[in-house]
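Peer 1: Okay, here's the structure, questions in a sec.
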Amino acid sequence: MTKEKIKIYYSKDQLSRPITYELVKKFDVMFNILHADINYGSEGNLITEISGENKNVKDALNYLNEVGIVYKKYNKFIIRDEDECIDCGACTAVCPSGALTMNKQDELQFDKEKCLVCELCIKACPIGVIDVEL
Amino acid sequence: MKTIAEINEKIKKGKAVVVTAEEVISIVKEKGLKKASEEIDVVTTGTFGPMCSSGAFINTGHSNPPIKMQNVTLNDVPAYAGLAAVDIFIGAAELSSSEGMKYGGGHVIEDFIAGKDIKLYAKSHGTDCYPRKEILTTINKFNVNQAYMYNPRNAYQNYPAATNSTDKTIYTYMGTLLPKYGNITYATAGELSPLLNDPYYRTIGVGTKIFLGGAVGYVSWQGTQHNPSQKRGENGVPTSLAGTIAVTGDLKDMSTRYVKGASYHNYGVSLFVGIGIPIPIIDEEMLKYTTISNKDIYTTLVDKSGNETYDVSYNYEQLRSGSVEFKGKQVLTAPLSSLPRAREIANTLKDWIQHSNFTLSEAVTPLPREDKVHKLEIREIK
């Protein structure tokens with residue numbers, strides 16, 4: 001089993017294509033959609049995790065190449081220096097996916113699975129303890 | 001009724017009953033006001049948030065030959081030297097001339113407390129008594145004379161939450177505010193916050209001994225923009241910006257855990273300051289004030305782009321829940337000041353008092369209970 005986080009870019013004429021359905025049917029892969037920004041009639045993008053057997057995930061991504069759909073793999077991760085973090089919460093103000101939230105004890109909680117690596121939190125952190133790791 | 005002297009006697013014997021401003025809420029609920037006020041001697045508060053109106057005086061000592069310092073920079077951050085020859089003031093919000101908004105006065109103060117060497121550069125016109133015209137050296141907390149924090153406005157008693165009505169992201173001292181009411185930020189320790197637990201400044205006044213940045217400090221004066229005449233709820237708690245305090249304490253004794261430089265993207269630099277104030281439970285009324293909880297503390301909402309005004313208010317329980325309803329939509333809410341660190345401060349102060357390491361002081365003079373904040377008008381120069 002393997003898992004990749006990708007961002008699929010749809011051009012105007014690709015928007016009506018049920019691409020996730022095609023990939024599920026053809027390659028038996030699973031989708032976990034994290035964020036979608038589709039403007040029907042113009043363009044859009046979809047951030048998703050795609051998981052399945054190693055070969056199937058690889059074939060699914062090759063298929064996207066073959067049919068001319070552009071995607072980008074996320075190779076980066078957001079990291080937070082937990083010892084230095086003061087739990088102020090400023091980063092939670094800009095996190096679009098709810099990966100950064102305050103827990104019941106008012107501490108900062110980071111859910112890596114939900115992170116879109118949009119990097120907005122890096123600039124929002126007043127003490128500079130959030131960074132990206134390649 | 002208890003006097004502060006009586007409470008101090010108990011503290012010295014290690015017998016004082018001390019609880020935090022969070023703990024007191026459930027204790028009073030369980031025991032009732034009367035019984036609890038006989039038992040509890042001190043309620044400790046705490047806050048750890050960005051407070052721009054902060055800074056420090058440092059006396060560097062004299063060089064040979066001496067210099068009357070002007071145009072001073074500390075790690076390339078301009079400091080004020082319009083005082084006697086080697087007295088300088090570094091303000092928390094001043095920006096570095098080499099690193100811009102990434103480093104500033106707040107970071108200089110943090111680095112100083114950490115014991116690091118700070119680059120000092122100064123120029124002078126030179127005088128007969130101070131002939132040196134330029135100096136480049138380093139200073140640190142072990143080789144200067146006095147170094148004390150002096151913060152003209154800290155520990156705001158309540159603060160409005162912030163949002164953004166425009167269609168662009170704006171960068172403010174209230175953090176990054178997303179377009180079209182994309183989020184709401186707020187800054188307070190709520191039920192733990194010092195001045196919210198003594199809404200009429202009955203015990204907190206000039207001379208009150210406090211926890212400041214990990215060391216002992218004092219309330220030195222009313223803070224700038226002190227606004228005690230703000231509208232108040234039935235519980236006496238102001239419903240927006242109200243009282244403030246000026247505080248001072250020895251920088252050399254402080255800890256970077258409770259004093260931290262901060263940099264707000266496209267806004268500038270500030271300083272997280274940790275403050276804890278003990279509230280002596282002199283009577284039932286005082287205890288009642290300290291039982292204030294987040295759901296009873298309301299604040300206003302402001303548009304930080306300055307375009308709109310709102311007639312809404314939220315309590316801190318709502319704000320802390322992660323979202324509130326505004327203009328018919330659920331809007332994400334985010335804090336800017338650290339609750340875990342505020343709690344830690346209240347607990348540290350509690351620990352100091354319980355172990356007889358900190359006694360309470362009587363205020364020398366009260367903070368003003370009536371005052372208003374002036375606007376700056378554009379006046380004609382005659």
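Residues in the structure tokens are named by chain (A, B, ... in the order shown) and by number from 1 within that chain; ligands are numbered from 1 in the order shown.
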When you look at range 167-176 of chain B with a cut-off of 7 Å (counting only C-alpha atoms), what residues show up, excluding the ones that are within fewer than 3 positions of it in the same chain? I need them as a list in words.

Peer 2: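 The filter keeps Ala90, Val94 and Ala124 of chain A; Ala162, Pro179, Lys180, Thr185, Tyr264, His265, Asn266 and Tyr267 of chain B.
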
Peer 1: Any chance you could list, as a VMD selection string, the residues in range 11-116 of chain A that come up strand (DSSP E) when DSSP is run on the backbone?

Peer 2: chain A and resid 30 to 39 43 to 52 70 to 73 77 to 80 100 to 102 108 to 110

Peer 1: Between B:Gln230, B:Thr163, B:Thr365, B:Ser293, which has the minimum distance to chain A (counting only C-alpha atoms)?

Peer 2: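 Closest to chain A, using only C-alpha atoms: B:Thr163.
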
Peer 1: Expressed in Å to a single decimal, how great is the separation between CA of Asn71 in chain B and CA of Gly261 in chain B?

Peer 2: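 CA of Gly261 in chain B lies at a distance of 22.5 Å from CA of Asn71 in chain B.
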
Peer 1: Please produce, as JSON lines, a per-residue contact table for chain B versus chain A (criterion: any atom at most 8 Å away, only C-alpha atoms considered), showing the nearest atom pair and its distance in Å to one decimal, sorted by chain then residue number.

Peer 2:
```
{"residue": "B:Gly49", "atom": "CA", "partner": "A:Cys88", "partner_atom": "CA", "distance": 7.8}
{"residue": "B:Gly175", "atom": "CA", "partner": "A:Ala90", "partner_atom": "CA", "distance": 6.3}
{"residue": "B:Thr176", "atom": "CA", "partner": "A:Ala124", "partner_atom": "CA", "distance": 6.4}
{"residue": "B:Leu177", "atom": "CA", "partner": "A:Ala93", "partner_atom": "CA", "distance": 7.5}
{"residue": "B:Leu178", "atom": "CA", "partner": "A:Val94", "partner_atom": "CA", "distance": 7.2}
{"residue": "B:Asn183", "atom": "CA", "partner": "A:Ala93", "partner_atom": "CA", "distance": 6.3}
{"residue": "B:Ile184", "atom": "CA", "partner": "A:Ala93", "partner_atom": "CA", "distance": 7.4}
{"residue": "B:Thr185", "atom": "CA", "partner": "A:Ala93", "partner_atom": "CA", "distance": 6.8}
{"residue": "B:Lys260", "atom": "CA", "partner": "A:Ile127", "partner_atom": "CA", "distance": 7.9}
{"residue": "B:Gly261", "atom": "CA", "partner": "A:Ile127", "partner_atom": "CA", "distance": 6.9}
{"residue": "B:Ala262", "atom": "CA", "partner": "A:Pro126", "partner_atom": "CA", "distance": 4.8}
{"residue": "B:Ser263", "atom": "CA", "partner": "A:Pro126", "partner_atom": "CA", "distance": 4.6}
{"residue": "B:Tyr264", "atom": "CA", "partner": "A:Pro126", "partner_atom": "CA", "distance": 5.2}
{"residue": "B:His265", "atom": "CA", "partner": "A:Lys123", "partner_atom": "CA", "distance": 5.9}
{"residue": "B:Gly322", "atom": "CA", "partner": "A:Met102", "partner_atom": "CA", "distance": 7.8}
{"residue": "B:Leu332", "atom": "CA", "partner": "A:Ala93", "partner_atom": "CA", "distance": 7.1}
{"residue": "B:Thr333", "atom": "CA", "partner": "A:Ala93", "partner_atom": "CA", "distance": 6.7}
{"residue": "B:Ala334", "atom": "CA", "partner": "A:Ala93", "partner_atom": "CA", "distance": 5.0}
{"residue": "B:Pro335", "atom": "CA", "partner": "A:Gly89", "partner_atom": "CA", "distance": 5.1}
{"residue": "B:Leu336", "atom": "CA", "partner": "A:Ala90", "partner_atom": "CA", "distance": 5.0}
{"residue": "B:Ser337", "atom": "CA", "partner": "A:Cys88", "partner_atom": "CA", "distance": 4.7}
{"residue": "B:Ser338", "atom": "CA", "partner": "A:Cys88", "partner_atom": "CA", "distance": 4.0}
{"residue": "B:Leu339", "atom": "CA", "partner": "A:Asp106", "partner_atom": "CA", "distance": 6.0}
{"residue": "B:Pro340", "atom": "CA", "partner": "A:Asp106", "partner_atom": "CA", "distance": 6.4}
{"residue": "B:Arg341", "atom": "CA", "partner": "A:Ile86", "partner_atom": "CA", "distance": 7.0}
```

Peer 1: Do you have the CA of Gly223 in chain B-CA of Pro152 in chain B distance handy?

Peer 2: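 Straight-line distance from CA of Gly223 in chain B to CA of Pro152 in chain B works out to 5.5 Å.
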
Peer 1: Give the alpha helix (DSSP H) residues of range 90-305 of chain B, as DSSP finds them on the backbone, and put them as an MDAnalysis selection string.

Peer 2: chainID B and resid 105:113 284:290

Peer 1: Go through A:Leu61, A:Val132, A:Ala99, A:Val24 and flag the residue nearest Lys73 in chain A, using only C-alpha atoms for the distances.

Peer 2: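 Under the stated criterion, the closest residue is A:Leu61.
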
Peer 1: Applying 10 Å and only C-alpha atoms, which residues near Arg369 in chain B remain after dropping the ones on its own chain fewer than 3 positions away? List them as a ChimeraX atom specification.

Peer 2: /B:199-202,226-229,243,366,372

Peer 1: Which residues come within 10 Å of Leu195 in chain B, counting only C-alpha atoms, excluding same-chain residues fewer than 2 positions away, as a list in words?

Peer 2: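 Everything that qualifies: Thr45, Gly46, Ala155, Tyr156, Gln157, Asn158, Gly190, Glu191, Leu192, Ser193, Asn197, Asp198, Pro199, Tyr200, Tyr201, Thr203, Ile204, Val237, Pro238, Ala242, Gly243, Thr244, Ile245, Ile277, Ile279 and Thr290 of chain B.
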
Peer 1: Create the file for the chosen residues now, containing C-alpha atoms and written as a short mmCIF file (atom, residue, chain, number, x, y, z; two decimals), in the first residue's frame.

Peer 2:
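Output (result-v2.cif):
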```cif
data_model
loop_
_atom_site.label_atom_id
_atom_site.label_comp_id
_atom_site.auth_asym_id
_atom_site.auth_seq_id
_atom_site.Cartn_x
_atom_site.Cartn_y
_atom_site.Cartn_z
CA THR B 45 -4.08 35.51 37.29
CA GLY B 46 -1.95 35.31 34.17
CA ALA B 155 -2.33 43.75 30.23
CA TYR B 156 -5.25 45.43 28.48
CA GLN B 157 -8.48 44.87 30.34
CA ASN B 158 -10.37 43.31 27.44
CA GLY B 190 -10.26 35.82 29.35
CA GLU B 191 -11.14 34.52 32.80
CA LEU B 192 -7.40 34.28 33.63
CA SER B 193 -6.62 37.85 32.62
CA ASN B 197 -10.47 39.70 37.71
CA ASP B 198 -10.32 43.08 39.42
CA PRO B 199 -12.61 45.07 37.15
CA TYR B 200 -12.74 48.20 39.32
CA TYR B 201 -9.03 48.13 40.32
CA THR B 203 -6.55 45.83 44.69
CA ILE B 204 -4.40 46.42 41.61
CA VAL B 237 -16.63 43.83 33.48
CA PRO B 238 -15.85 46.27 30.65
CA ALA B 242 -10.66 49.51 29.18
CA GLY B 243 -8.00 49.68 31.89
CA THR B 244 -4.28 49.26 31.24
CA ILE B 245 -1.16 49.24 33.41
CA ILE B 277 -1.05 39.51 39.19
CA ILE B 279 -5.54 39.27 43.76
CA THR B 290 -12.47 36.67 40.51
#
```

Peer 1: Determine, counting only C-alpha atoms, which protein, DNA and RNA residues have an atom within 12 Å of an atom of Lys10 in chain B; residues of the same chain fewer than 3 positions away are not included. Present the result as a compact mmCIF listing (two decimals) with C-alpha atoms, in the first residue's frame.

Peer 2:
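Saved file result-v3.txt follows:
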```
# COMPACT_ATOMS: atom_id res chain seq x y z
CA LYS B 2 -8.93 40.24 55.59
CA THR B 3 -6.11 42.75 55.31
CA ILE B 4 -3.16 42.29 53.00
CA ALA B 5 -0.92 42.27 56.09
CA GLU B 6 -2.91 39.32 57.48
CA ILE B 7 -2.65 37.48 54.16
CA LYS B 13 4.02 30.78 57.49
CA GLY B 14 3.38 28.79 54.32
CA LYS B 15 -0.31 28.57 55.19
CA ALA B 16 -1.90 30.78 52.57
CA VAL B 17 -4.62 29.24 50.42
CA VAL B 18 -3.86 30.18 46.84
CA GLU B 39 -10.82 30.04 53.03
CA ILE B 40 -9.16 31.53 49.97
CA ASP B 41 -6.47 34.14 50.52
CA VAL B 42 -5.15 34.81 47.05
CA PRO B 280 -5.80 39.37 47.56
CA ILE B 353 3.17 32.41 47.08
CA GLN B 354 2.51 28.94 48.51
CA HIS B 355 6.23 28.49 49.10
CA SER B 356 6.53 31.88 50.82
CA PHE B 358 6.32 36.06 47.10
CA THR B 359 4.32 38.29 49.41
CA LEU B 360 1.65 40.75 48.37
```

Peer 1: What does the distance between CA of Ser305 in chain B and CA of Val77 in chain B come to in Å, to one decimal place?

Peer 2: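 Distance reported for this atom pair: 28.6 Å.
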
Peer 1: Given the choices B:Leu212, B:Asp351, B:Val259, B:Gly106, which gets closest to Ala79 in chain B if the distance is worked out from only C-alpha atoms?

Peer 2: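 Of the candidates, the smallest distance to Ala79 in chain B is held by B:Gly106.
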
Peer 1: Do a neighbour search on Lys55 in chain A at 12 Å with only C-alpha atoms, toss out local chain neighbours closer than 4 positions, and write the hits as an NGL selection string.

Peer 2: :A and (1-3 or 27-29 or 51 or 59-62)
